[in-house]
Each structure stands twice: as C-alpha cells, then as structure tokens.
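Undergrad: Structure file structure-v2.cif, mmCIF, C-alpha atoms and all ligand atoms, is pasted below:
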data_protein
#
loop_
_atom_site.label_atom_id
_atom_site.label_comp_id
_atom_site.auth_asym_id
_atom_site.auth_seq_id
_atom_site.Cartn_x
_atom_site.Cartn_y
_atom_site.Cartn_z
CA MET A 1 24.87 -54.59 175.42
CA SER A 2 21.23 -54.48 176.13
CA ILE A 3 19.31 -56.32 178.77
CA ALA A 4 15.82 -57.50 178.08
CA LEU A 5 13.83 -58.23 181.19
CA ASP A 6 10.79 -60.32 180.74
CA LEU A 7 8.30 -58.72 183.07
CA SER A 8 5.19 -60.12 181.52
CA MET A 9 2.57 -60.80 184.11
CA PRO A 10 -0.51 -62.92 183.88
CA PRO A 11 -3.36 -60.70 182.78
CA ASN A 12 -5.28 -59.26 185.66
CA PRO A 13 -8.64 -61.06 185.48
CA ARG A 14 -10.47 -58.04 186.88
CA ALA A 15 -8.95 -55.83 184.17
CA THR A 16 -10.56 -57.93 181.50
CA ALA A 17 -13.97 -57.82 183.08
CA PRO A 18 -16.11 -55.49 181.01
CA GLY A 19 -18.17 -52.90 182.79
CA ARG A 20 -15.54 -51.60 185.18
CA PRO A 21 -14.37 -48.41 183.53
CA SER A 22 -11.03 -46.87 184.38
CA LEU A 23 -10.91 -43.57 186.21
CA VAL A 24 -7.47 -42.76 184.79
CA GLY A 25 -7.63 -40.14 182.06
CA LEU A 26 -10.90 -38.51 183.16
CA ASN A 27 -10.72 -34.80 183.90
CA ARG A 28 -11.97 -33.60 187.30
CA THR A 29 -15.49 -32.87 186.06
CA GLU A 30 -15.83 -36.27 184.38
CA LEU A 31 -14.39 -37.95 187.45
CA ALA A 32 -16.93 -36.28 189.75
CA LYS A 33 -19.71 -37.15 187.31
CA SER A 34 -18.66 -40.82 187.21
CA LEU A 35 -18.67 -41.00 191.00
CA ALA A 36 -22.10 -39.41 191.19
CA GLY A 37 -23.36 -41.65 188.37
CA ALA A 38 -22.27 -44.76 190.26
CA GLY A 39 -24.02 -43.52 193.40
CA ILE A 40 -20.69 -43.28 195.25
CA ALA A 41 -20.90 -39.55 195.83
CA GLY A 42 -23.74 -37.08 195.93
CA ASP A 43 -23.83 -33.65 194.33
CA ARG A 44 -22.31 -32.11 197.44
CA ASP A 45 -19.28 -34.35 197.94
CA ALA A 46 -18.51 -35.53 194.38
CA LYS A 47 -16.00 -32.74 193.83
CA MET A 48 -14.22 -33.41 197.10
CA ARG A 49 -14.05 -37.17 196.41
CA ALA A 50 -12.77 -36.51 192.89
CA ASN A 51 -9.97 -34.36 194.33
CA GLN A 52 -9.05 -37.07 196.83
CA ILE A 53 -8.87 -39.75 194.15
CA TRP A 54 -6.95 -37.41 191.84
CA ASN A 55 -4.31 -36.89 194.49
CA TRP A 56 -3.95 -40.62 195.16
CA VAL A 57 -3.73 -41.59 191.49
CA TYR A 58 -1.54 -38.84 190.08
CA HIS A 59 0.47 -37.62 193.07
CA HIS A 60 0.94 -40.83 195.02
CA GLY A 61 0.73 -43.25 192.09
CA VAL A 62 -1.79 -45.53 193.78
CA THR A 63 -3.48 -48.24 191.70
CA ASP A 64 -5.50 -49.83 194.47
CA PHE A 65 -8.52 -48.08 196.02
CA GLU A 66 -7.76 -49.90 199.26
CA ARG A 67 -4.70 -47.68 199.80
CA MET A 68 -6.75 -44.47 199.75
CA SER A 69 -6.58 -44.07 203.50
CA ASN A 70 -8.53 -40.80 203.77
CA ILE A 71 -11.58 -42.42 202.16
CA GLN A 72 -13.89 -44.54 204.32
CA LYS A 73 -13.55 -48.30 203.95
CA GLY A 74 -17.08 -48.77 202.63
CA VAL A 75 -16.57 -46.15 199.94
CA ARG A 76 -13.27 -47.75 198.92
CA ALA A 77 -15.06 -51.05 198.42
CA GLN A 78 -17.75 -49.38 196.34
CA LEU A 79 -15.07 -47.73 194.22
CA ALA A 80 -13.31 -51.04 193.65
CA ASP A 81 -16.57 -52.67 192.61
CA ALA A 82 -17.43 -49.98 190.12
CA PHE A 83 -14.08 -48.80 188.71
CA GLN A 84 -10.47 -49.70 188.09
CA LEU A 85 -7.15 -47.83 187.96
CA ASP A 86 -5.19 -50.30 185.89
CA ARG A 87 -2.04 -49.42 184.04
CA PRO A 88 -0.62 -51.11 180.96
CA GLU A 89 1.05 -54.44 181.32
CA ILE A 90 4.84 -54.37 180.82
CA VAL A 91 5.73 -56.86 178.10
CA SER A 92 9.43 -55.99 178.17
CA GLU A 93 11.81 -53.44 179.57
CA GLN A 94 15.18 -52.95 177.90
CA VAL A 95 18.12 -50.86 179.02
CA SER A 96 20.63 -49.50 176.50
CA VAL A 97 24.37 -49.22 177.10
CA ASP A 98 23.84 -45.46 177.26
CA GLY A 99 21.18 -45.73 179.97
CA THR A 100 18.18 -45.21 177.71
CA ARG A 101 15.30 -47.41 178.74
CA LYS A 102 12.52 -48.71 176.53
CA TRP A 103 9.28 -50.38 177.51
CA LEU A 104 6.86 -52.31 175.44
CA PHE A 105 3.44 -51.73 176.99
CA ARG A 106 0.33 -53.78 176.33
CA TYR A 107 -3.26 -52.61 176.61
CA ARG A 108 -6.51 -54.47 176.44
CA ASP A 109 -9.33 -52.76 174.63
CA PRO A 110 -11.16 -50.71 177.26
CA LYS A 111 -14.57 -51.44 175.75
CA ASN A 112 -14.15 -54.95 174.44
CA PRO A 113 -11.71 -57.32 176.17
CA ARG A 114 -12.25 -59.88 173.41
CA LEU A 115 -10.32 -57.75 170.95
CA PRO A 116 -6.62 -58.62 170.80
CA PRO A 117 -4.51 -56.36 173.03
CA VAL A 118 -2.41 -53.63 171.42
CA GLU A 119 1.17 -52.68 172.15
CA VAL A 120 3.19 -49.47 172.05
CA GLU A 121 6.72 -48.45 172.95
CA THR A 122 7.74 -45.73 175.40
CA VAL A 123 11.31 -44.52 175.90
CA TYR A 124 13.11 -42.86 178.83
CA ILE A 125 16.20 -40.84 178.01
CA PRO A 126 18.25 -39.83 181.07
CA GLU A 127 20.71 -36.96 180.78
CA GLU A 128 22.78 -35.23 183.41
CA ASP A 129 20.35 -32.44 184.12
CA ARG A 130 17.06 -33.92 182.95
CA GLY A 131 15.16 -37.09 182.19
CA THR A 132 12.86 -37.15 179.17
CA LEU A 133 10.01 -39.55 178.63
CA CYS A 134 9.07 -40.09 174.99
CA VAL A 135 5.39 -41.03 174.90
CA SER A 136 3.28 -42.67 172.16
CA SER A 137 -0.13 -41.38 171.10
CA GLN A 138 -1.25 -44.06 168.62
CA VAL A 139 -0.69 -47.72 167.88
CA GLY A 140 1.02 -47.35 164.50
CA CYS A 141 0.48 -44.23 162.40
CA THR A 142 -1.79 -43.24 159.52
CA LEU A 143 1.01 -41.22 157.99
CA THR A 144 3.83 -42.76 156.03
CA CYS A 145 6.89 -40.54 156.35
CA SER A 146 9.39 -42.42 154.24
CA PHE A 147 12.29 -42.33 156.73
CA CYS A 148 10.24 -43.42 159.79
CA HIS A 149 9.90 -46.97 161.06
CA THR A 150 6.58 -46.25 162.80
CA GLY A 151 5.26 -45.13 159.41
CA THR A 152 5.55 -48.72 158.16
CA GLN A 153 3.02 -49.88 160.78
CA ARG A 154 -0.57 -49.18 159.83
CA LEU A 155 -2.68 -47.35 162.35
CA VAL A 156 -4.33 -49.91 164.61
CA ARG A 157 -6.07 -47.44 166.89
CA ASN A 158 -5.75 -44.26 168.88
CA LEU A 159 -4.74 -44.55 172.52
CA THR A 160 -7.23 -43.20 175.04
CA ALA A 161 -6.23 -40.37 177.39
CA GLY A 162 -5.92 -42.95 180.17
CA GLU A 163 -3.65 -45.14 178.05
CA ILE A 164 -1.42 -42.19 177.18
CA LEU A 165 -1.18 -41.26 180.87
CA GLY A 166 -0.66 -44.93 181.70
CA GLN A 167 2.75 -44.70 180.03
CA VAL A 168 3.74 -41.76 182.25
CA LEU A 169 2.39 -43.39 185.41
CA MET A 170 4.06 -46.73 184.69
CA ALA A 171 7.38 -45.10 183.84
CA ARG A 172 7.24 -43.04 187.05
CA GLU A 173 6.53 -46.22 188.99
CA ARG A 174 9.45 -48.12 187.42
CA LEU A 175 11.82 -45.16 187.91
CA GLY A 176 10.82 -44.63 191.53
CA ASP A 177 9.35 -41.18 190.92
CA PHE A 178 6.32 -41.46 193.20
CA PRO A 179 6.69 -40.54 196.88
CA GLY A 180 8.50 -43.38 198.64
CA GLY A 181 9.52 -44.90 195.29
CA VAL A 182 12.77 -46.75 194.74
CA ARG A 183 15.12 -45.90 191.89
CA PRO A 184 16.30 -48.77 189.70
CA THR A 185 19.98 -49.57 190.09
CA ASP A 186 20.70 -50.00 186.38
CA GLY A 187 20.60 -47.67 183.43
CA LEU A 188 19.52 -44.51 185.15
CA VAL A 189 21.62 -41.38 185.60
CA PRO A 190 19.28 -39.64 188.01
CA ALA A 191 19.67 -36.25 189.51
CA PRO A 192 19.89 -37.09 193.21
CA ARG A 193 16.63 -36.80 195.09
CA GLY A 194 16.24 -33.58 197.03
CA SER A 195 19.33 -32.07 195.43
CA GLY A 196 17.65 -28.70 195.47
CA GLY A 197 17.57 -26.37 192.50
CA SER A 198 14.50 -25.86 190.44
CA GLU A 199 11.30 -27.84 190.64
CA GLY A 200 11.68 -31.14 188.88
CA ASP A 201 15.41 -31.46 189.56
CA SER A 202 14.85 -34.31 191.94
CA ARG A 203 12.63 -36.28 189.59
CA ALA A 204 13.74 -38.97 187.21
CA ILE A 205 11.20 -37.71 184.67
CA THR A 206 11.51 -33.95 184.26
CA ASN A 207 10.24 -33.66 180.68
CA VAL A 208 7.68 -35.35 178.47
CA VAL A 209 7.80 -35.34 174.68
CA MET A 210 4.96 -36.59 172.50
CA MET A 211 7.46 -38.05 170.05
CA GLY A 212 6.79 -41.75 170.31
CA MET A 213 4.59 -43.76 168.00
CA GLY A 214 1.86 -41.93 166.12
CA GLU A 215 0.81 -38.46 165.12
CA PRO A 216 -0.48 -36.73 168.28
CA LEU A 217 -2.59 -34.22 166.38
CA TYR A 218 -4.55 -37.05 164.74
CA ASN A 219 -5.61 -38.03 168.26
CA TYR A 220 -6.08 -34.48 169.45
CA ASP A 221 -8.82 -34.84 172.08
CA ASN A 222 -7.17 -37.68 173.95
CA VAL A 223 -3.71 -36.13 173.79
CA LYS A 224 -5.16 -32.87 175.06
CA GLU A 225 -6.88 -34.52 178.04
CA ALA A 226 -3.75 -36.51 178.90
CA LEU A 227 -1.42 -33.50 178.76
CA LEU A 228 -3.77 -31.29 180.76
CA ILE A 229 -3.85 -33.97 183.45
CA ALA A 230 -0.05 -34.46 183.32
CA SER A 231 0.47 -30.73 183.86
CA ASP A 232 -2.13 -30.38 186.64
CA GLU A 233 -0.41 -29.05 189.73
CA ALA A 234 -2.19 -31.31 192.14
CA GLY A 235 -0.95 -34.44 190.39
CA ILE A 236 1.96 -35.27 188.13
CA SER A 237 2.57 -31.54 187.95
CA LEU A 238 4.85 -31.28 184.94
CA SER A 239 5.28 -27.70 183.81
CA LYS A 240 3.84 -27.06 180.33
CA ARG A 241 7.24 -25.70 179.38
CA ARG A 242 8.60 -29.16 179.97
CA ILE A 243 6.08 -30.86 177.72
CA THR A 244 6.67 -30.83 173.96
CA LEU A 245 4.27 -32.04 171.34
CA SER A 246 5.81 -32.98 168.00
CA THR A 247 3.73 -32.94 164.84
CA SER A 248 4.42 -33.73 161.22
CA GLY A 249 2.28 -30.67 160.44
CA VAL A 250 -1.45 -31.19 160.96
CA VAL A 251 -2.06 -27.49 160.41
CA PRO A 252 -5.70 -27.13 161.60
CA TYR A 253 -4.76 -28.45 165.07
CA ILE A 254 -1.68 -26.31 165.62
CA GLU A 255 -3.52 -23.21 166.85
CA PRO A 256 -5.80 -25.21 169.20
CA THR A 257 -2.72 -26.95 170.61
CA GLY A 258 -1.29 -23.63 171.72
CA ARG A 259 -4.58 -22.19 172.92
CA GLU A 260 -6.14 -25.21 174.62
CA ILE A 261 -3.15 -27.25 175.76
CA GLY A 262 -0.41 -24.60 175.95
CA VAL A 263 2.55 -26.94 175.62
CA MET A 264 5.73 -26.43 173.63
CA LEU A 265 5.55 -27.25 169.94
CA ALA A 266 7.97 -29.16 167.73
CA ILE A 267 7.55 -29.43 163.98
CA SER A 268 8.99 -32.29 161.96
CA LEU A 269 10.17 -30.12 159.10
CA HIS A 270 12.89 -32.24 157.42
CA ALA A 271 12.74 -30.45 154.08
CA VAL A 272 12.68 -26.86 152.92
CA ARG A 273 11.09 -27.34 149.49
CA ASP A 274 7.54 -28.62 148.95
CA GLU A 275 8.65 -31.05 146.27
CA LEU A 276 11.02 -32.87 148.61
CA ARG A 277 8.79 -32.54 151.67
CA ASP A 278 5.91 -34.12 149.73
CA MET A 279 8.10 -37.21 149.44
CA LEU A 280 9.55 -37.31 152.93
CA VAL A 281 6.54 -36.13 154.96
CA PRO A 282 3.53 -36.84 152.70
CA ILE A 283 1.10 -34.80 154.83
CA ASN A 284 2.86 -31.86 153.18
CA LYS A 285 0.70 -32.46 150.10
CA LYS A 286 -2.30 -31.54 152.22
CA TYR A 287 -0.68 -28.80 154.28
CA PRO A 288 2.28 -27.37 152.34
CA LEU A 289 5.19 -25.44 153.83
CA LYS A 290 3.64 -22.01 153.43
CA GLU A 291 0.54 -22.94 155.46
CA LEU A 292 2.60 -24.82 158.02
CA LEU A 293 4.97 -21.93 158.62
CA GLU A 294 2.09 -19.49 158.84
CA ALA A 295 0.51 -21.63 161.57
CA CYS A 296 3.86 -21.60 163.38
CA ARG A 297 4.24 -17.86 163.08
CA THR A 298 0.88 -17.39 164.79
CA TYR A 299 1.23 -20.18 167.40
CA PRO A 300 -0.42 -18.92 170.61
CA GLY A 301 2.09 -18.10 173.32
CA LEU A 302 5.06 -17.98 170.94
CA SER A 303 7.90 -15.73 172.13
CA ASN A 304 11.68 -15.72 172.31
CA ALA A 305 11.37 -17.50 175.62
CA ARG A 306 8.94 -20.04 174.16
CA ARG A 307 10.32 -21.00 170.78
CA ILE A 308 9.16 -23.63 168.37
CA THR A 309 11.58 -26.48 167.80
CA PHE A 310 12.07 -27.47 164.18
CA GLU A 311 13.25 -31.04 163.78
CA TYR A 312 15.39 -31.82 160.78
CA VAL A 313 16.52 -35.38 160.11
CA MET A 314 19.89 -35.57 158.35
CA LEU A 315 19.50 -37.80 155.29
CA LYS A 316 22.58 -38.34 153.18
CA ASP A 317 22.40 -36.61 149.77
CA ILE A 318 18.67 -35.96 150.23
CA ASN A 319 18.23 -32.84 152.37
CA ASP A 320 21.70 -32.10 153.74
CA SER A 321 23.31 -29.64 151.29
CA ASP A 322 24.63 -26.18 152.12
CA ALA A 323 21.82 -24.74 150.00
CA ASP A 324 19.27 -26.63 152.14
CA ALA A 325 20.82 -25.17 155.30
CA ARG A 326 20.67 -21.65 153.91
CA GLU A 327 17.06 -22.09 152.79
CA LEU A 328 16.17 -23.43 156.22
CA VAL A 329 17.48 -20.29 157.85
CA ARG A 330 15.60 -18.13 155.33
CA LEU A 331 12.31 -19.97 155.85
CA LEU A 332 12.41 -19.61 159.61
CA LYS A 333 13.15 -15.90 159.58
CA ASN A 334 10.89 -14.05 162.03
CA ILE A 335 9.77 -17.21 163.82
CA PRO A 336 11.24 -17.65 167.30
CA ALA A 337 12.80 -21.04 166.60
CA LYS A 338 15.23 -23.68 167.73
CA ILE A 339 16.57 -26.11 165.19
CA ASN A 340 17.17 -29.70 166.16
CA LEU A 341 19.34 -31.65 163.74
CA ILE A 342 18.65 -35.36 164.12
CA PRO A 343 21.08 -37.87 162.62
CA PHE A 344 18.96 -40.38 160.72
CA ASN A 345 18.44 -43.58 162.71
CA PRO A 346 18.43 -46.61 160.42
CA TRP A 347 15.93 -49.45 160.61
CA PRO A 348 15.62 -52.75 158.71
CA GLY A 349 14.49 -52.23 155.15
CA THR A 350 15.15 -48.49 154.90
CA ASN A 351 16.80 -47.05 151.80
CA TYR A 352 18.15 -43.96 153.54
CA ASP A 353 21.58 -43.35 155.01
CA CYS A 354 22.59 -40.92 157.69
CA SER A 355 24.63 -37.90 156.54
CA SER A 356 28.31 -38.06 157.44
CA SER A 357 29.37 -36.30 160.61
CA GLU A 358 31.38 -33.78 158.56
CA ARG A 359 28.26 -32.96 156.53
CA ILE A 360 26.15 -32.58 159.66
CA GLU A 361 28.80 -30.30 161.19
CA ARG A 362 28.94 -28.13 158.09
CA PHE A 363 25.13 -27.91 157.99
CA ALA A 364 25.02 -27.04 161.69
CA ASP A 365 27.68 -24.42 161.12
CA ILE A 366 25.61 -22.54 158.56
CA VAL A 367 22.59 -22.67 160.83
CA ASN A 368 24.65 -21.56 163.84
CA ARG A 369 26.14 -18.64 161.99
CA ALA A 370 22.63 -17.43 161.25
CA GLY A 371 22.10 -17.13 164.99
CA TYR A 372 20.40 -20.41 165.85
CA ALA A 373 21.67 -22.71 168.52
CA SER A 374 21.29 -25.95 166.61
CA PRO A 375 22.23 -28.86 168.79
CA VAL A 376 22.80 -32.06 166.90
CA ARG A 377 20.77 -34.62 168.78
CA THR A 378 23.07 -37.45 169.81
CA PRO A 379 21.28 -40.66 168.92
CA ARG A 380 20.30 -42.45 172.11
CA GLY A 381 19.35 -46.06 172.60
CA ARG A 382 20.10 -47.19 169.04
CA ASP A 383 21.29 -50.59 170.34
CA ILE A 384 17.81 -51.34 171.69
CA PHE A 385 16.02 -49.67 168.80
CA ALA A 386 14.79 -46.85 170.99
CA ALA A 387 16.06 -43.85 169.00
CA CYS A 388 13.85 -41.32 167.17
CA GLY A 389 11.84 -42.93 164.44
CA GLN A 390 12.81 -46.51 165.32
CA LEU A 391 9.75 -47.37 167.39
CA LYS A 392 7.26 -49.91 166.19
CA SER A 393 5.20 -52.74 167.68
CA GLU A 394 3.98 -56.03 166.26
CA THR A 395 0.32 -55.13 166.66
CA GLU A 396 -1.49 -55.48 163.36
CA ARG A 397 -4.66 -53.92 162.22
CA LEU A 398 -7.52 -56.43 162.13
CA ARG A 399 -9.53 -56.82 158.96
CA LYS A 400 -13.06 -55.47 159.27
CA THR A 401 -14.57 -58.95 159.25
CA GLU A 402 -12.20 -60.16 161.99
CA ARG A 403 -13.05 -57.15 164.11
CA GLU A 404 -16.76 -57.59 163.61
CA ALA A 405 -16.55 -61.25 164.58
CA LEU A 406 -14.93 -60.28 167.87
CA THR A 407 -17.24 -57.41 168.67
CA ALA A 408 -20.44 -59.26 167.79
N1 LIG B 501 4.39 -38.12 164.57
C1 LIG B 501 5.08 -37.07 165.21
C2 LIG B 501 5.86 -37.48 166.44
C3 LIG B 501 6.63 -38.79 166.38
S1 LIG B 501 8.12 -38.89 165.48
C4 LIG B 501 5.98 -36.36 164.23
O1 LIG B 501 6.18 -36.86 163.13
O2 LIG B 501 6.45 -35.29 164.59
C5 LIG B 501 9.37 -38.04 166.43
C6 LIG B 501 10.48 -37.42 165.55
O3 LIG B 501 11.37 -38.44 165.02
C7 LIG B 501 9.92 -36.70 164.34
O4 LIG B 501 10.58 -35.48 164.14
C8 LIG B 501 10.24 -37.67 163.23
O5 LIG B 501 10.22 -37.05 161.99
C9 LIG B 501 11.59 -38.18 163.65
N2 LIG B 501 12.00 -39.41 162.96
C10 LIG B 501 11.21 -40.34 162.38
N3 LIG B 501 11.96 -41.34 161.86
C11 LIG B 501 13.24 -41.03 162.13
C12 LIG B 501 14.49 -41.69 161.88
N4 LIG B 501 14.53 -42.86 161.29
N5 LIG B 501 15.61 -41.10 162.30
C13 LIG B 501 15.58 -39.91 162.95
N6 LIG B 501 14.44 -39.25 163.25
C14 LIG B 501 13.28 -39.80 162.83
FE1 LIG B 502 3.92 -40.94 161.80
FE2 LIG B 502 5.61 -39.08 162.84
FE3 LIG B 502 6.56 -41.37 161.82
FE4 LIG B 502 5.55 -39.52 160.20
S1 LIG B 502 7.39 -39.31 161.50
S2 LIG B 502 5.14 -41.75 160.11
S3 LIG B 502 3.87 -38.72 161.45
S4 LIG B 502 5.25 -41.18 163.62
#
I'd like the structure from this file rewritten - as structure tokens, please.

TA:
Amino acid sequence: MSIALDLSMPPNPRATAPGRPSLVGLNRTELAKSLAGAGIAGDRDAKMRANQIWNWVYHHGVTDFERMSNIQKGVRAQLADAFQLDRPEIVSEQVSVDGTRKWLFRYRDPKNPRLPPVEVETVYIPEEDRGTLCVSSQVGCTLTCSFCHTGTQRLVRNLTAGEILGQVLMARERLGDFPGGVRPTDGLVPAPRGSGGSEGDSRAITNVVMMGMGEPLYNYDNVKEALLIASDEAGISLSKRRITLSTSGVVPYIEPTGREIGVMLAISLHAVRDELRDMLVPINKKYPLKELLEACRTYPGLSNARRITFEYVMLKDINDSDADARELVRLLKNIPAKINLIPFNPWPGTNYDCSSSERIERFADIVNRAGYASPVRTPRGRDIFAACGQLKSETERLRKTEREALTA
C-alpha cells in the first residue's frame, strides 16, 4: 500500500517575483556580502547579522524573517523586502509500506520565473538506528547508465546549492527535525527524541547520501557549497562521516571532493571489466577502470576507518558470476573498501532482470570470504518507486527556441 498525499499549494506570489534572491545556499561570506550590498548591514555588523540569519535558517528552520526575534523589527522588514528564504513546493509525498517516504519537489527558476518549474524526487529511508535522506543534485542526468531510470531523463538543469539544501530543509521540516518540530505519525520509525547515545541519535535524519537524481560531480560547485553548509556545526550540523557522495566515476573531481568537501565517497562500479562497464556505465569510456581505481586509491582522507563504498548492482547473467566476484575482490586489493551489493530495481521499459537471491548470496559469499563485509542492500520503497535508480520526474528539457522565447 502506498499513500499519496496531495500537498500542492498555490504558488507563493512573492516567490515568483524576480529580484528577491534567496539567501539559502550562500556561504557565510556571500551571505554577509549580500547583506552589505543591500544596505542592510555595514562592514562592521555584516558578519554578526550573517551568523544570526544562519542560525535561524539552518538550526531553527525558519523561513520567515519575521520570526528572527533577535533582529530588530526594522531590519527584519528590510530583509523581507530584499530577500527570500523559500523552500521547494511539495507536489506529492508518498509513504511506502516499509516506511520509506518520497517527495516530489518543485522549484521555480531562481532567475526567470517565466521558465516552467522543474521537479526532483527526494527519498527518506528510516532504519532502526538511522534515517537516511537521499538527495538529488540535478533534474535528470547527462549520463545514460543503461540500468538506471534517471538515465532515461535528459538533463534539464543543475540544481543550485540552495535548491539542494532545500530538499534537506524541507525533509527536516516534514519529519519534525527542527527544534519544536512534530514527528509525522505515519511511515517513520524514528529513534526517540533525546534517547541519548551519540550525536544524531535523536534526529530523524542522521545521514545524507547524494544518491538521488543526477551525477553530483557534474554539478560540483553547487554540491560542494550545499554539503559544506549541511555539515556546518552552527546549522544542520551533519557530520561529514554521515554524508556520502556517490559518483559514476567523474575522475577529475574525485580528488577535489575529498580535499575540499571531505565527505565519504561511494563509487558506482557495477562491472569489473572495461568492456562491460563501457556498456553499463558509459562514462567508463572516458575514465576507464584503471584511472578510476587510481583516483580511489589516492582519495584524500582515505583510511580503514574511512573506507570507500563500492556499489555493485546485481544484474542477472550480466555481471553476477563467480568470476566477476573474484575479479571484484582482486581489483579492490589495497583500497580500504566496503562493497554494497544492490539488487537491481526494475522500472518500466528496462531489459534487465535482478539476479536471483541464491546468486546474490553466492556472490556475497565470495566477497565476504575475501574479508569484505558486503551487505546486500535490501530494496526499500519499491512500491512507491523510491528505490535506488528508480527516481525520475516528468520535467522535460525545453528546446532552445522555447527557452529563448521565455527568457526574451
Ligand atoms: N549519479 C550517481 C548517484 C545517483 S545513483 C551515481 O551514479 O553514482 C545512486 C545509485 O543507484 C548508483 O550506484 C546507481 O548506479 C544505482 N542504480 C541506478 N539504477 C539502479 C537500479 N535500477 N537498481 C539498483 N541500483 C541502481
Ligand atoms: Fe546518472 Fe547515476 Fe543514473 Fe548513471 S546511475 S544515469 S550517473 S543518476
């Protein structure tokens, strides 16, 4: 059973007014600069004001300047005239029988409200000891991995840093994760608030994975800004060890990811021979296995305590033989690694089948015996099409002429 709530709201007329930029997604320096630029703060107090706003937006989850009670009334009004803090509109929210929750979020173009809005999906996966939010980085994807539903949707555009964070903020709001928030009564298996234990135990969202729609390393700058803000201690404060970025293998951005963002890395490997990987993950033609694995071996911050996760989708009779398992183990030698076996999640029109559970077990066995813990990821949210690789939205790329007509 799945419940689809229609939460669509009339568009906020102020959100469509051009000229009121959002402050969400700006780093502290940019935020202070924007305040100074709008004449709301001077050189001396811009930093202090930026910190106040930061705390309200990311720690308290406030979307209305009026609620910023430590800022003088007049300044709040100035802020509201010059800026906005809008989040995406919720088009739908679905809850799976297994508690997984999926949102379809809609965004207007930040620069041109006349362009049609775009939509992405975001998924929340609750487990006993953690809650993982799977976040999208792009509307569609430029890449065309043959087993992935998102890969059938052309890239419409990159999400901005604010739009990427908007998914986290909106999910926290819906799950009651901000101070004073209320947990939903359906779907969620939350760790009880204030149950003690490590930091994050009392939150609905303890982990973020950049594993939704899109290739995060083809939107590097915005993903970087968003993740640095999400891990900032004065705000959302997610530990970088609890943030994982998954890439199909955009090799030139792997080293900067470790050095500049410092989050955990996951690689969508899926094949152990170039010939097969060229077919399944076509970016392999540009960055073949040897280069990819070399970039992994030298990933900044890599250690036995901070391993790279290698994702491997189990495709019947394609990549699931004993020989594949043995080669996988050989390839990953000397890289601190975890292996995540993902049963293939079907979607309409696909030609692939998922390997049988016996085959997956046998494959996992070989990998385990080589010393890797290789959890087989239980598919979650398949009934609402929320499992790995099933995400897609209806947003279509405009033809150049259509776009030009709307931006003229
Ligand atoms: N673009 C990034 C992140 C998004 S995909 C990447 O490719 O890594 C998240 C994970 O789901 C990737 O490992 C991807 O290969 C996998 N995936 C895609 N389609 C799938 C499917 N149908 N079944 C199972 N996993 C799939
Ligand atoms: Fe894009 Fe990742 Fe899907 Fe490949 S697997 S098409 S990179 S979203």

Undergrad: Taking all atoms listed in the file into account, which residues have an atom no farther than 9 Å from ligand LIG 502 (chain B)? I'd like them as a count of residues only.

TA: 35

Undergrad: Just the residues within 12 Å of A:Pro346, please, counting all atoms listed in the file, with nothing from its chain fewer than 2 positions along; format it as number ranges by chain.

TA: A: 146-149, 313-316, 342-344, 348-355, 379, 382-383, 385-391

Undergrad: Skip A:Arg242 itself and residues of its chain fewer than 6 positions away, then list as an MDAnalysis selection string all residues within 8 Å of it, counting all atoms listed in the file.

TA: chainID A and resid 206:208 263:264

Undergrad: Quick one: residues within 8 Å of A:Val57, only C-alpha atoms, excluding same-chain residues fewer than 5 positions away - as a count of residues only?

TA: 5

Undergrad: Find, counting only C-alpha atoms and all ligand atoms, the residue in A:Pro179, A:Thr309, A:Asn368, A:Lys111 that gets nearest to ligand LIG 501 (chain B).

TA: A:Thr309

Undergrad: Which of these residues is nearest to ligand LIG 501 (chain B), using only C-alpha atoms and all ligand atoms: A:Leu276, A:Ala364, A:Val250, A:Leu406?

TA: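 Selected residue with least distance to ligand LIG 501 (chain B): A:Val250.
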
Undergrad: Find, counting all atoms listed in the file, the residue in A:Arg172, A:Arg154, A:Lys240, A:His59 that gets nearest to A:Arg87.

TA: A:Arg172

Undergrad: Identify, on the basis of only C-alpha atoms, every residue whose closest approach to A:Ala50 does not exceed 12 Å; exclude the query and any residue fewer than 3 positions from it along the same chain; express the result as a ChimeraX atom specification.

TA: /A:23-24,26-36,40-47,53-58,71,79,234

Undergrad: Restricting the calculation to only C-alpha atoms, which member of A:Arg49, A:Asn222, A:Leu289, A:Ser393 is positioned closest to A:Thr122?

TA: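 Checking each candidate against A:Thr122, we get A:Ser393 as the closest.
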
Undergrad: May I ask for the distance between atom CA of A:Glu361 and atom CA of A:Glu327, given in Å to one decimal place?

TA: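 Separation of atom CA of A:Glu361 and atom CA of A:Glu327: 16.6 Å.
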
Undergrad: Just checking: using all atoms listed in the file, which residue out of A:Ala226, A:Ala161, A:Cys134, A:Val91 ends up closest to ligand LIG 501 (chain B)?

TA: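 Checking each candidate against ligand LIG 501 (chain B), we get A:Cys134 as the closest.
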
Undergrad: Find, counting all atoms listed in the file, the residue in A:Tyr220, A:Asp129, A:Pro21, A:Leu188 that gets nearest to A:Ala82.

TA: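 For A:Ala82, the nearest of the given residues is A:Pro21.
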
Undergrad: Any idea what the distance is between atom CA of A:Gly39 and atom CA of A:Pro110?

TA: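 Going from atom CA of A:Gly39 over to atom CA of A:Pro110, I get 21.9 Å.
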